[in-house]
file protein-v6.pdb (PDB, C-alpha atoms)
MODEL        1
ATOM      1  CA  MET U 177      -9.280  33.807 -10.776  1.00  0.00           C
ATOM      2  CA  ASN U 178     -12.026  32.006 -12.717  1.00  0.00           C
ATOM      3  CA  ASN U 179     -15.566  31.193 -11.629  1.00  0.00           C
ATOM      4  CA  VAL U 180     -15.501  27.440 -12.142  1.00  0.00           C
ATOM      5  CA  ARG U 181     -15.720  26.720  -8.425  1.00  0.00           C
ATOM      6  CA  TYR U 182     -18.627  29.129  -7.992  1.00  0.00           C
ATOM      7  CA  TYR U 183     -20.685  27.529 -10.754  1.00  0.00           C
ATOM      8  CA  ARG U 184     -19.744  24.022  -9.662  1.00  0.00           C
ATOM      9  CA  LYS U 185     -20.972  24.676  -6.129  1.00  0.00           C
ATOM     10  CA  LYS U 186     -24.062  26.374  -7.495  1.00  0.00           C
ATOM     11  CA  LEU U 187     -24.990  23.088  -9.176  1.00  0.00           C
ATOM     12  CA  GLY U 188     -24.100  21.124  -6.055  1.00  0.00           C
ATOM     13  CA  LEU U 189     -21.369  19.146  -7.787  1.00  0.00           C
ATOM     14  CA  SER U 190     -18.191  17.875  -6.173  1.00  0.00           C
ATOM     15  CA  GLN U 191     -14.861  18.183  -7.988  1.00  0.00           C
ATOM     16  CA  LEU U 192     -14.949  14.431  -8.554  1.00  0.00           C
ATOM     17  CA  ALA U 193     -18.457  14.531 -10.035  1.00  0.00           C
ATOM     18  CA  LEU U 194     -17.530  17.395 -12.361  1.00  0.00           C
ATOM     19  CA  ALA U 195     -14.346  15.601 -13.376  1.00  0.00           C
ATOM     20  CA  ASP U 196     -16.302  12.452 -14.229  1.00  0.00           C
ATOM     21  CA  LYS U 197     -18.815  14.515 -16.189  1.00  0.00           C
ATOM     22  CA  ILE U 198     -16.211  16.101 -18.448  1.00  0.00           C
ATOM     23  CA  GLY U 199     -13.834  13.122 -18.611  1.00  0.00           C
ATOM     24  CA  VAL U 200     -10.819  14.466 -16.742  1.00  0.00           C
ATOM     25  CA  SER U 201      -9.173  13.731 -13.413  1.00  0.00           C
ATOM     26  CA  ARG U 202     -10.241  15.471 -10.207  1.00  0.00           C
ATOM     27  CA  GLN U 203      -6.726  16.855  -9.985  1.00  0.00           C
ATOM     28  CA  THR U 204      -7.251  18.704 -13.289  1.00  0.00           C
ATOM     29  CA  VAL U 205     -10.498  20.278 -12.064  1.00  0.00           C
ATOM     30  CA  ASN U 206      -8.739  21.324  -8.859  1.00  0.00           C
ATOM     31  CA  MET U 207      -5.863  22.870 -10.799  1.00  0.00           C
ATOM     32  CA  ILE U 208      -8.251  24.769 -13.088  1.00  0.00           C
ATOM     33  CA  GLU U 209     -10.173  26.161 -10.117  1.00  0.00           C
ATOM     34  CA  ASN U 210      -6.959  27.273  -8.432  1.00  0.00           C
ATOM     35  CA  ASP U 211      -5.570  28.840 -11.622  1.00  0.00           C
ATOM     36  CA  LYS U 212      -2.683  26.392 -11.718  1.00  0.00           C
ATOM     37  CA  TYR U 213      -3.593  25.063 -15.138  1.00  0.00           C
ATOM     38  CA  ASN U 214      -4.932  26.778 -18.275  1.00  0.00           C
ATOM     39  CA  PRO U 215      -7.370  24.434 -20.020  1.00  0.00           C
ATOM     40  CA  THR U 216      -7.634  24.214 -23.789  1.00  0.00           C
ATOM     41  CA  LEU U 217     -10.606  25.789 -25.529  1.00  0.00           C
ATOM     42  CA  GLU U 218     -12.153  22.351 -25.996  1.00  0.00           C
ATOM     43  CA  LEU U 219     -12.030  21.639 -22.276  1.00  0.00           C
ATOM     44  CA  CYS U 220     -13.351  25.128 -21.509  1.00  0.00           C
ATOM     45  CA  LEU U 221     -16.352  24.423 -23.739  1.00  0.00           C
ATOM     46  CA  HIS U 222     -16.968  21.084 -22.024  1.00  0.00           C
ATOM     47  CA  LEU U 223     -16.772  22.826 -18.660  1.00  0.00           C
ATOM     48  CA  ALA U 224     -19.225  25.505 -19.748  1.00  0.00           C
ATOM     49  CA  GLN U 225     -21.669  22.872 -21.024  1.00  0.00           C
ATOM     50  CA  ALA U 226     -21.319  20.753 -17.879  1.00  0.00           C
ATOM     51  CA  LEU U 227     -21.902  23.783 -15.655  1.00  0.00           C
ATOM     52  CA  SER U 228     -24.786  25.043 -17.813  1.00  0.00           C
ATOM     53  CA  THR U 229     -23.203  28.391 -18.438  1.00  0.00           C
ATOM     54  CA  ASP U 230     -21.024  30.145 -21.017  1.00  0.00           C
ATOM     55  CA  LEU U 231     -17.315  30.847 -21.376  1.00  0.00           C
ATOM     56  CA  ASN U 232     -17.589  34.512 -20.434  1.00  0.00           C
ATOM     57  CA  ALA U 233     -19.294  33.714 -17.157  1.00  0.00           C
ATOM     58  CA  LEU U 234     -16.652  31.138 -16.313  1.00  0.00           C
ATOM     59  CA  PHE U 235     -13.451  32.799 -17.438  1.00  0.00           C
ATOM     60  CA  TRP U 236     -13.920  36.490 -18.235  1.00  0.00           C
ATOM     61  CA  GLU U 237     -11.763  38.816 -16.167  1.00  0.00           C
ATOM     62  CA  GLU U 238     -11.981  42.572 -16.226  1.00  0.00           C
ATOM     63  CA  LYS U 239      -8.631  44.069 -17.090  1.00  0.00           C
ATOM     64  CA  LYS U 240      -7.368  46.289 -14.309  1.00  0.00           C
ATOM     65  CA  ASP U 241      -6.456  49.844 -15.375  1.00  0.00           C
ATOM     66  CA  GLU U 242      -2.642  50.188 -15.293  1.00  0.00           C
ATOM     67  CA  ASN U 243      -2.928  53.733 -13.926  1.00  0.00           C
ATOM     68  CA  GLU U 244      -4.859  52.563 -10.814  1.00  0.00           C
TER      69      GLU U 244
ATOM     70  CA  MET V 211     -14.461   6.899 -24.808  1.00  0.00           C
ATOM     71  CA  LYS V 212     -12.239   4.270 -26.406  1.00  0.00           C
ATOM     72  CA  MET V 213      -8.559   4.742 -25.751  1.00  0.00           C
ATOM     73  CA  SER V 214      -6.233   5.028 -28.743  1.00  0.00           C
ATOM     74  CA  LYS V 215      -3.261   2.657 -29.043  1.00  0.00           C
ATOM     75  CA  ARG V 216      -0.868   5.541 -28.459  1.00  0.00           C
ATOM     76  CA  ASP V 217      -2.628   6.491 -25.222  1.00  0.00           C
ATOM     77  CA  TRP V 218      -2.502   2.878 -24.075  1.00  0.00           C
ATOM     78  CA  ILE V 219       1.256   2.715 -24.719  1.00  0.00           C
ATOM     79  CA  VAL V 220       1.816   6.046 -22.936  1.00  0.00           C
ATOM     80  CA  LYS V 221      -0.154   4.817 -19.901  1.00  0.00           C
ATOM     81  CA  GLN V 222       1.828   1.562 -19.795  1.00  0.00           C
ATOM     82  CA  VAL V 223       5.234   3.235 -20.189  1.00  0.00           C
ATOM     83  CA  TYR V 224       4.596   6.008 -17.677  1.00  0.00           C
ATOM     84  CA  ASP V 225       2.592   3.744 -15.356  1.00  0.00           C
ATOM     85  CA  ILE V 226      -0.443   6.024 -15.341  1.00  0.00           C
ATOM     86  CA  TYR V 227      -3.585   4.722 -13.736  1.00  0.00           C
ATOM     87  CA  GLY V 228      -6.671   6.793 -14.391  1.00  0.00           C
ATOM     88  CA  PRO V 229      -7.678   9.124 -17.214  1.00  0.00           C
ATOM     89  CA  LEU V 230      -4.986  10.501 -19.510  1.00  0.00           C
ATOM     90  CA  ASP V 231      -6.557  13.948 -19.744  1.00  0.00           C
ATOM     91  CA  GLU V 232      -4.964  17.018 -21.329  1.00  0.00           C
ATOM     92  CA  GLN V 233      -3.278  18.223 -18.136  1.00  0.00           C
ATOM     93  CA  ARG V 234      -1.620  14.846 -17.527  1.00  0.00           C
ATOM     94  CA  ARG V 235      -0.792  14.521 -21.205  1.00  0.00           C
ATOM     95  CA  GLN V 236       0.943  17.917 -21.150  1.00  0.00           C
ATOM     96  CA  LYS V 237       3.052  16.887 -18.165  1.00  0.00           C
ATOM     97  CA  VAL V 238       3.864  13.515 -19.718  1.00  0.00           C
ATOM     98  CA  ASP V 239       4.903  15.222 -22.975  1.00  0.00           C
ATOM     99  CA  GLN V 240       7.190  17.564 -21.032  1.00  0.00           C
ATOM    100  CA  VAL V 241       8.802  14.659 -19.166  1.00  0.00           C
ATOM    101  CA  GLY V 242       9.119  12.681 -22.391  1.00  0.00           C
ATOM    102  CA  ASN V 243      10.759  15.614 -24.202  1.00  0.00           C
ATOM    103  CA  ASN V 244      13.283  16.131 -21.420  1.00  0.00           C
ATOM    104  CA  SER V 245      14.150  12.431 -21.445  1.00  0.00           C
ATOM    105  CA  PHE V 246      14.469  12.425 -25.231  1.00  0.00           C
ATOM    106  CA  LEU V 247      16.801  15.460 -25.218  1.00  0.00           C
ATOM    107  CA  PHE V 248      19.037  13.857 -22.621  1.00  0.00           C
ATOM    108  CA  LEU V 249      19.151  10.547 -24.501  1.00  0.00           C
ATOM    109  CA  TYR V 250      19.708  12.298 -27.829  1.00  0.00           C
ATOM    110  CA  ILE V 251      22.725  14.203 -26.526  1.00  0.00           C
ATOM    111  CA  TYR V 252      24.102  11.079 -24.819  1.00  0.00           C
ATOM    112  CA  PHE V 253      23.587   8.989 -27.949  1.00  0.00           C
ATOM    113  CA  ASN V 254      25.429  11.500 -30.156  1.00  0.00           C
ATOM    114  CA  ILE V 255      28.380  11.837 -27.771  1.00  0.00           C
ATOM    115  CA  ALA V 256      28.608   8.079 -27.223  1.00  0.00           C
ATOM    116  CA  SER V 257      28.433   7.365 -30.946  1.00  0.00           C
ATOM    117  CA  PHE V 258      31.150   9.916 -31.682  1.00  0.00           C
ATOM    118  CA  ILE V 259      33.439   8.415 -29.050  1.00  0.00           C
ATOM    119  CA  ALA V 260      32.790   4.910 -30.363  1.00  0.00           C
ATOM    120  CA  LEU V 261      33.508   6.056 -33.916  1.00  0.00           C
ATOM    121  CA  VAL V 262      36.785   7.775 -33.040  1.00  0.00           C
ATOM    122  CA  MET V 263      38.141   5.303 -30.500  1.00  0.00           C
ATOM    123  CA  GLY V 264      36.313   2.095 -31.357  1.00  0.00           C
ATOM    124  CA  ASP V 265      39.028   0.656 -33.521  1.00  0.00           C
ATOM    125  CA  ARG V 266      41.789   0.887 -30.918  1.00  0.00           C
ATOM    126  CA  TYR V 267      39.901   0.451 -27.638  1.00  0.00           C
ATOM    127  CA  SER V 268      36.982  -1.765 -28.625  1.00  0.00           C
ATOM    128  CA  ASN V 269      37.077  -4.051 -25.575  1.00  0.00           C
ATOM    129  CA  ASP V 270      37.407  -1.204 -23.085  1.00  0.00           C
ATOM    130  CA  LEU V 271      34.642   0.757 -24.762  1.00  0.00           C
ATOM    131  CA  LEU V 272      32.375  -2.281 -24.676  1.00  0.00           C
ATOM    132  CA  ILE V 273      32.739  -2.551 -20.912  1.00  0.00           C
ATOM    133  CA  ILE V 274      32.485   1.201 -20.322  1.00  0.00           C
ATOM    134  CA  PHE V 275      29.426   1.690 -22.512  1.00  0.00           C
ATOM    135  CA  SER V 276      27.693  -1.391 -21.137  1.00  0.00           C
ATOM    136  CA  PHE V 277      27.994   0.149 -17.688  1.00  0.00           C
ATOM    137  CA  LEU V 278      27.135   3.682 -18.885  1.00  0.00           C
ATOM    138  CA  ASN V 279      24.043   2.530 -20.778  1.00  0.00           C
ATOM    139  CA  LEU V 280      22.726   0.824 -17.671  1.00  0.00           C
ATOM    140  CA  LEU V 281      23.459   3.945 -15.630  1.00  0.00           C
ATOM    141  CA  VAL V 282      21.727   6.233 -18.130  1.00  0.00           C
ATOM    142  CA  GLY V 283      18.737   3.900 -18.204  1.00  0.00           C
ATOM    143  CA  PHE V 284      18.598   3.968 -14.438  1.00  0.00           C
ATOM    144  CA  VAL V 285      18.827   7.787 -14.328  1.00  0.00           C
ATOM    145  CA  ILE V 286      16.036   8.203 -16.896  1.00  0.00           C
ATOM    146  CA  SER V 287      13.715   5.723 -15.221  1.00  0.00           C
ATOM    147  CA  THR V 288      14.340   7.354 -11.819  1.00  0.00           C
ATOM    148  CA  TYR V 289      13.575  10.764 -13.291  1.00  0.00           C
ATOM    149  CA  LEU V 290      10.363   9.461 -14.891  1.00  0.00           C
ATOM    150  CA  ASP V 291       9.298   7.689 -11.714  1.00  0.00           C
ATOM    151  CA  PHE V 292      10.005  10.714  -9.520  1.00  0.00           C
ATOM    152  CA  THR V 293       8.226  13.201 -11.810  1.00  0.00           C
ATOM    153  CA  ILE V 294       5.176  11.007 -12.383  1.00  0.00           C
ATOM    154  CA  ASN V 295       4.758  10.338  -8.654  1.00  0.00           C
ATOM    155  CA  SER V 296       5.476  13.868  -7.438  1.00  0.00           C
ATOM    156  CA  ASN V 297       2.847  15.266  -9.813  1.00  0.00           C
ATOM    157  CA  ASN V 298       0.331  12.558  -8.818  1.00  0.00           C
ATOM    158  CA  LEU V 299      -0.075  11.604 -12.447  1.00  0.00           C
ATOM    159  CA  SER V 300      -0.316   7.904 -11.787  1.00  0.00           C
ATOM    160  CA  ASN V 301      -3.145   8.066  -9.247  1.00  0.00           C
ATOM    161  CA  LEU V 302      -6.801   7.245  -9.781  1.00  0.00           C
ATOM    162  CA  GLU V 303      -9.103   9.330  -7.621  1.00  0.00           C
ATOM    163  CA  VAL V 304     -12.549   7.853  -7.135  1.00  0.00           C
ATOM    164  CA  ASN V 305     -15.234   7.954  -4.449  1.00  0.00           C
ATOM    165  CA  THR V 306     -14.944   5.612  -1.466  1.00  0.00           C
ATOM    166  CA  ARG V 307     -17.376   2.997  -2.759  1.00  0.00           C
ATOM    167  CA  GLN V 308     -15.712   2.810  -6.177  1.00  0.00           C
ATOM    168  CA  ALA V 309     -12.301   2.606  -4.513  1.00  0.00           C
ATOM    169  CA  GLN V 310     -13.351  -0.498  -2.569  1.00  0.00           C
ATOM    170  CA  GLN V 311     -14.776  -2.124  -5.696  1.00  0.00           C
ATOM    171  CA  LEU V 312     -11.664  -1.388  -7.748  1.00  0.00           C
ATOM    172  CA  LYS V 313      -9.328  -2.728  -5.060  1.00  0.00           C
ATOM    173  CA  LEU V 314     -11.343  -5.923  -4.851  1.00  0.00           C
ATOM    174  CA  HIS V 315     -11.265  -6.228  -8.641  1.00  0.00           C
ATOM    175  CA  ASN V 316      -7.466  -5.819  -8.593  1.00  0.00           C
ATOM    176  CA  ARG V 317      -7.073  -8.469  -5.915  1.00  0.00           C
ATOM    177  CA  ARG V 318      -9.090 -10.914  -8.018  1.00  0.00           C
ATOM    178  CA  ARG V 319      -6.920 -10.114 -11.018  1.00  0.00           C
ATOM    179  CA  GLY V 320      -3.912 -10.949  -8.858  1.00  0.00           C
ATOM    180  CA  ILE V 321      -4.204 -14.584  -9.952  1.00  0.00           C
ATOM    181  CA  LEU V 322      -3.764 -13.526 -13.581  1.00  0.00           C
ATOM    182  CA  TYR V 323      -0.745 -11.395 -12.695  1.00  0.00           C
ATOM    183  CA  ILE V 324       0.847 -14.297 -10.798  1.00  0.00           C
ATOM    184  CA  LEU V 325       0.284 -16.573 -13.777  1.00  0.00           C
ATOM    185  CA  GLU V 326       1.656 -13.967 -16.184  1.00  0.00           C
ATOM    186  CA  TYR V 327       4.871 -13.410 -14.238  1.00  0.00           C
ATOM    187  CA  SER V 328       5.378 -17.124 -13.589  1.00  0.00           C
ATOM    188  CA  ILE V 329       5.153 -17.991 -17.288  1.00  0.00           C
ATOM    189  CA  GLU V 330       7.383 -15.042 -18.205  1.00  0.00           C
ATOM    190  CA  PHE V 331      10.103 -16.045 -15.757  1.00  0.00           C
ATOM    191  CA  TYR V 332       9.799 -19.714 -16.690  1.00  0.00           C
ATOM    192  CA  LEU V 333      10.444 -18.877 -20.348  1.00  0.00           C
ATOM    193  CA  ILE V 334      13.293 -16.499 -19.485  1.00  0.00           C
ATOM    194  CA  ILE V 335      15.051 -19.206 -17.450  1.00  0.00           C
ATOM    195  CA  ALA V 336      14.606 -21.682 -20.291  1.00  0.00           C
ATOM    196  CA  PHE V 337      16.028 -19.365 -22.944  1.00  0.00           C
ATOM    197  CA  VAL V 338      18.902 -18.166 -20.764  1.00  0.00           C
ATOM    198  CA  ALA V 339      19.786 -21.837 -20.170  1.00  0.00           C
ATOM    199  CA  LEU V 340      19.781 -22.276 -23.947  1.00  0.00           C
ATOM    200  CA  GLY V 341      22.405 -19.562 -24.139  1.00  0.00           C
ATOM    201  CA  VAL V 342      24.725 -21.615 -21.915  1.00  0.00           C
ATOM    202  CA  ASN V 343      24.190 -24.787 -23.963  1.00  0.00           C
ATOM    203  CA  VAL V 344      21.663 -26.467 -21.716  1.00  0.00           C
ATOM    204  CA  PRO V 345      19.049 -28.268 -23.880  1.00  0.00           C
ATOM    205  CA  LEU V 346      15.727 -26.415 -23.995  1.00  0.00           C
ATOM    206  CA  LEU V 347      13.649 -29.463 -23.087  1.00  0.00           C
ATOM    207  CA  LYS V 348      15.821 -30.146 -20.048  1.00  0.00           C
ATOM    208  CA  SER V 349      15.465 -26.598 -18.709  1.00  0.00           C
ATOM    209  CA  LEU V 350      11.704 -26.607 -19.426  1.00  0.00           C
ATOM    210  CA  THR V 351      11.182 -29.800 -17.441  1.00  0.00           C
ATOM    211  CA  ASP V 352      13.561 -28.969 -14.597  1.00  0.00           C
ATOM    212  CA  PHE V 353      11.543 -28.998 -11.361  1.00  0.00           C
ATOM    213  CA  LYS V 354      13.769 -26.340  -9.747  1.00  0.00           C
ATOM    214  CA  ASN V 355      13.032 -23.911 -12.600  1.00  0.00           C
ATOM    215  CA  ILE V 356       9.317 -24.451 -12.223  1.00  0.00           C
ATOM    216  CA  ILE V 357       9.488 -23.737  -8.475  1.00  0.00           C
ATOM    217  CA  PHE V 358      11.572 -20.574  -9.048  1.00  0.00           C
ATOM    218  CA  ALA V 359       9.131 -19.373 -11.703  1.00  0.00           C
ATOM    219  CA  VAL V 360       6.132 -19.904  -9.421  1.00  0.00           C
ATOM    220  CA  VAL V 361       7.782 -18.139  -6.474  1.00  0.00           C
ATOM    221  CA  TYR V 362       8.833 -15.255  -8.716  1.00  0.00           C
ATOM    222  CA  GLY V 363       5.310 -15.058 -10.132  1.00  0.00           C
ATOM    223  CA  ILE V 364       3.741 -14.937  -6.678  1.00  0.00           C
ATOM    224  CA  ILE V 365       6.115 -12.244  -5.405  1.00  0.00           C
ATOM    225  CA  PHE V 366       5.810  -9.968  -8.426  1.00  0.00           C
ATOM    226  CA  GLY V 367       2.118 -10.666  -8.999  1.00  0.00           C
ATOM    227  CA  LEU V 368       1.273  -9.679  -5.437  1.00  0.00           C
ATOM    228  CA  TYR V 369       3.565  -6.651  -5.710  1.00  0.00           C
ATOM    229  CA  LYS V 370       1.700  -5.523  -8.836  1.00  0.00           C
ATOM    230  CA  VAL V 371      -1.633  -5.803  -6.996  1.00  0.00           C
ATOM    231  CA  TYR V 372      -0.183  -3.816  -4.086  1.00  0.00           C
ATOM    232  CA  ARG V 373       1.127  -1.070  -6.388  1.00  0.00           C
ATOM    233  CA  LYS V 374      -2.122  -0.772  -8.323  1.00  0.00           C
ATOM    234  CA  ASN V 375      -4.203  -0.595  -5.144  1.00  0.00           C
ATOM    235  CA  LYS V 376      -1.876   1.999  -3.664  1.00  0.00           C
ATOM    236  CA  LYS V 377      -2.643   4.277  -6.612  1.00  0.00           C
ATOM    237  CA  ILE V 378      -6.376   4.206  -5.962  1.00  0.00           C
ATOM    238  CA  ILE V 379      -7.105   7.257  -3.847  1.00  0.00           C
ATOM    239  CA  PRO V 380     -10.558   7.402  -2.241  1.00  0.00           C
ATOM    240  CA  VAL V 381     -11.856  10.969  -2.318  1.00  0.00           C
ATOM    241  CA  GLU V 382     -14.793  12.248  -0.312  1.00  0.00           C
ATOM    242  CA  ASP V 383     -17.402  13.748  -2.614  1.00  0.00           C
ATOM    243  CA  ASP V 384     -17.198  17.198  -1.122  1.00  0.00           C
ATOM    244  CA  GLU V 385     -13.397  17.412  -1.060  1.00  0.00           C
ATOM    245  CA  GLN V 386     -12.061  20.746  -2.310  1.00  0.00           C
TER     246      GLN V 386
ENDMDL
END

call {"tool": "encode", "arguments": {"input": "protein-v6.pdb", "output": "structure tokens"}}
result
Amino acid sequence: MNNVRYYRKKLGLSQLALADKIGVSRQTVNMIENDKYNPTLELCLHLAQALSTDLNALFWEEKKDENE
Amino acid sequence: MKMSKRDWIVKQVYDIYGPLDEQRRQKVDQVGNNSFLFLYIYFNIASFIALVMGDRYSNDLLIIFSFLNLLVGFVISTYLDFTINSNNLSNLEVNTRQAQQLKLHNRRRGILYILEYSIEFYLIIAFVALGVNVPLLKSLTDFKNIIFAVVYGIIFGLYKVYRKNKKIIPVEDDEQ
């Protein structure tokens, strides 16, 4: 699960406002937040810029140890 | 951002209202590829049949393929319509205030749509009449044709306004 929703709410933005800011539909933002769509690198960069953060903070996931 | 000609054509063909972003584009490409594959296979089979049997059964094949082509066209357009609508690709989600403004704008444009459809139908009637040896000037000045064209224009113009307004989805600003 990514942190797009967390950073969006931190800035007090609605899905619609974020979608308008980065030039996509609200549906796309919703699908990204719910892990139903993998955005391209370009869109990830736009998201990071719009949310005033970096790619790692938005999308990095720690790999779970297979032996756990 | 200015829309490219290709994007404009894609939006017209797939009846997409709203931004053609990468997620929608991906879905549209998938739908388009599926449709192309189906049509490609159909075209090859139909051409082969026409090549092999066309000489002997030309009249029968004409009737059969006329019907089949219409059926295939209907199947493809139903598939496109169903997929576009079920994935909400043709909707435009805006806030409540913008939704009201856009709907009002569409209603005002209704007059243009009515005019567009009326002229289109008027010309179609005239040229179809030409095909059955009715003089063009006579069909252009026929009062009945003018009335039909206006009625057709009103019905389809208003339907276009209704369809466009139905795609505008007002979204509350804090909707998740």

call {"tool": "interface_residues", "arguments": {"input": "protein-v6.pdb", "of": "chain V", "to": "chain U", "cutoff": "12 Å", "atoms": "all atoms listed in the file", "output": "PyMOL selection string"}}
result
chain V and resi 211-212+226-237+297-306+308+379-386

call {"tool": "residues_around", "arguments": {"input": "protein-v6.pdb", "residues": "range 226-230 of chain U", "least_positions_apart": "5", "cutoff": "7 Å", "atoms": "all atoms listed in the file", "output": "list in words"}}
result
Tyr183, Arg184, Lys197 and Ile198 of chain U

call {"tool": "residues_around", "arguments": {"input": "protein-v6.pdb", "residues": "range 371-373 of chain V", "least_positions_apart": "6", "cutoff": "7 Å", "atoms": "all atoms listed in the file", "output": "VMD selection string"}}
result
chain V and resid 316 to 317 320

call {"tool": "resolve_selection", "arguments": {"input": "protein-v6.pdb", "expression": "the PyMOL selection byres ((chain V and resi 334) around 12)", "output": "MDAnalysis selection string"}}
result
chainID V and resid 327:333 335:341 346 349:350 355:356 358:359 362

call {"tool": "atom_distance", "arguments": {"input": "protein-v6.pdb", "atom1": "CA of Asn210 in chain U", "atom2": "CA of Asn179 in chain U"}}
result
10.0 Å

call {"tool": "atom_distance", "arguments": {"input": "protein-v6.pdb", "atom1": "CA of Leu314 in chain V", "atom2": "CA of Ser214 in chain V"}}
result
26.8 Å

call {"tool": "closest_residue", "arguments": {"input": "protein-v6.pdb", "among": "U:Glu237, U:Leu223, U:Leu217, U:Asn232", "to": "Met177 in chain U", "atoms": "all atoms listed in the file"}}
result
U:Glu237

call {"tool": "atom_distance", "arguments": {"input": "protein-v6.pdb", "atom1": "CA of Lys376 in chain V", "atom2": "CA of Val361 in chain V"}}
result
22.5 Å

call {"tool": "resolve_selection", "arguments": {"input": "protein-v6.pdb", "expression": "the PyMOL selection byres ((chain V and resi 289) around 12)", "output": "count of residues only"}}
result
21

call {"tool": "axis_aligned_box", "arguments": {"input": "protein-v6.pdb", "around": "range 200-209 of chain U", "padding_each_side": "4 Å", "output": "lines of an AutoDock Vina configuration file"}}
result
center_x = -8.3
center_y = 19.9
center_z = -12.8
size_x = 13.0
size_y = 20.4
size_z = 15.9

call {"tool": "residues_around", "arguments": {"input": "protein-v6.pdb", "residues": "Ile324 in chain V", "least_positions_apart": "4", "cutoff": "6 Å", "atoms": "all atoms listed in the file", "output": "PyMOL selection string"}}
result
chain V and resi 363-364+367

call {"tool": "build_atoms", "arguments": {"input": "protein-v6.pdb", "residues": "range 195-211 of chain U", "atoms": "N, CA and C atoms", "output": "compact mmCIF listing (two decimals), keeping the file's coordinate frame"}}
result
# COMPACT_ATOMS: atom_id res chain seq x y z
N ALA U 195 -15.42 16.24 -12.62
CA ALA U 195 -14.35 15.60 -13.38
C ALA U 195 -14.88 14.41 -14.17
N ASP U 196 -15.71 13.62 -13.54
CA ASP U 196 -16.30 12.45 -14.23
C ASP U 196 -17.18 12.91 -15.38
N LYS U 197 -17.86 14.02 -15.18
CA LYS U 197 -18.82 14.52 -16.19
C LYS U 197 -18.08 14.97 -17.46
N ILE U 198 -16.92 15.58 -17.27
CA ILE U 198 -16.21 16.10 -18.45
C ILE U 198 -15.04 15.22 -18.88
N GLY U 199 -14.83 14.10 -18.17
CA GLY U 199 -13.83 13.12 -18.61
C GLY U 199 -12.40 13.48 -18.28
N VAL U 200 -12.19 14.16 -17.17
CA VAL U 200 -10.82 14.47 -16.74
C VAL U 200 -10.64 13.98 -15.31
N SER U 201 -9.42 14.15 -14.80
CA SER U 201 -9.17 13.73 -13.41
C SER U 201 -9.61 14.84 -12.45
N ARG U 202 -9.85 14.48 -11.22
CA ARG U 202 -10.24 15.47 -10.21
C ARG U 202 -9.12 16.49 -10.00
N GLN U 203 -7.92 16.00 -10.12
CA GLN U 203 -6.73 16.86 -9.98
C GLN U 203 -6.76 17.99 -11.01
N THR U 204 -7.18 17.68 -12.23
CA THR U 204 -7.25 18.70 -13.29
C THR U 204 -8.29 19.75 -12.93
N VAL U 205 -9.45 19.33 -12.46
CA VAL U 205 -10.50 20.28 -12.06
C VAL U 205 -9.97 21.17 -10.94
N ASN U 206 -9.30 20.57 -9.99
CA ASN U 206 -8.74 21.32 -8.86
C ASN U 206 -7.73 22.36 -9.35
N MET U 207 -6.89 21.95 -10.29
CA MET U 207 -5.86 22.87 -10.80
C MET U 207 -6.49 24.00 -11.61
N ILE U 208 -7.56 23.71 -12.33
CA ILE U 208 -8.25 24.77 -13.09
C ILE U 208 -8.86 25.77 -12.11
N GLU U 209 -9.52 25.27 -11.09
CA GLU U 209 -10.17 26.16 -10.12
C GLU U 209 -9.17 27.04 -9.39
N ASN U 210 -7.98 26.51 -9.16
CA ASN U 210 -6.96 27.27 -8.43
C ASN U 210 -6.00 28.00 -9.36
N ASP U 211 -6.38 28.11 -10.64
CA ASP U 211 -5.57 28.84 -11.62
C ASP U 211 -4.16 28.28 -11.78
